[in-house]
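*Asks:* Got a structure for you, written out below as structure tokens; questions coming shortly.
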Amino acid sequence: MTKRRDYYRDPHAPRPNNLVPGGSALIIDGAGAILMQRRADSGNWSLPGGTMEIGETLEQCVIRETKEETGLDIEITGLLGIYTDPAHVIAYADGEVRQEFNITYYARVIGGHVTVSDESTDVRFLHPRQLRHEPIHETVRLRLRHHIEGRTQPYLG
């Protein structure tokens, strides 16, 4: 059973009852492949990341979540964009329904080893062409497109 369901531009989506700041890391290896994790709760490939805890910055959150989900230590190197589309709603099995609030940072690996956590079923670097036919939520595809476009300014939306 899926513990999470993403709705995007769906008129039948439940109404959000929460807004939680979260962040993710877009990490590229030397060959241009992107670090992706296969989410255990939805089955989709996604960027590593998660939600803030009290007492940490969003950058610290992304560093912590990436370590927890992938086993890799990272440092933040830039900003891809701010993603707050109210048309993206995430419903959880416990009744929480969140409106998207994600800031995606560029980051690089500085240590650790790739490992799978209880939040993922697979973690690996995938070249963008390998992702074309994989299950990826449209809002993550948007972030990947923004990276591939080589934008000079962060996305604000």
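Identifiers for the structure tokens are assigned positionally: chains receive A, B, ... in sequence, residues are indexed from 1 per chain, and ligands are indexed from 1 in the order shown.
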Write out as a count of residues only which residues come within 7 Å of Trp45 in chain A when counting only C-alpha atoms, dropping same-chain ones fewer than 4 positions away.
*Replies:* 6
*Asks:* Just asking: which residues within chain A are strand (DSSP E or B) according to DSSP, as a count of residues only?
*Replies:* 66
*Asks:* Using only C-alpha atoms, which of the listed residues (A:Leu126, A:Leu79, A:Val97, A:Ile27) sits closest to Arg5 in chain A?
*Replies:*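 Result for the nearest residue to Arg5 in chain A: A:Val97.
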*Asks:* Counting only C-alpha atoms, figure out which residue out of A:Gly95, A:Gly23, A:Gly30, A:Gly71 gets nearest to Gly49 in chain A.
*Replies:*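 Nearest to Gly49 in chain A: A:Gly23.
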*Asks:* Restricting the calculation to only C-alpha atoms, which member of A:Phe101, A:Glu69, A:Phe125, A:Gly43 is positioned closest to Val89 in chain A?
*Replies:*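 For Val89 in chain A, the nearest of the given residues is A:Phe101.
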*Asks:* Residues near Leu26 in chain A, anyone? I mean within 7 Å using only C-alpha atoms, not counting same-chain ones fewer than 2 positions away, as a list in words.
*Replies:*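 Using only C-alpha atoms, the neighbours found are Ser24, Ile28, Ile34, Leu35, Leu47, Thr104, Tyr105, Tyr106 and Ala107 of chain A.
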*Asks:* Which residues come within 9 Å of Thr139 in chain A, counting only C-alpha atoms, excluding same-chain residues fewer than 2 positions away, as a VMD selection string?
*Replies:* chain A and resid 8 83 85 88 136 to 137 141 to 144
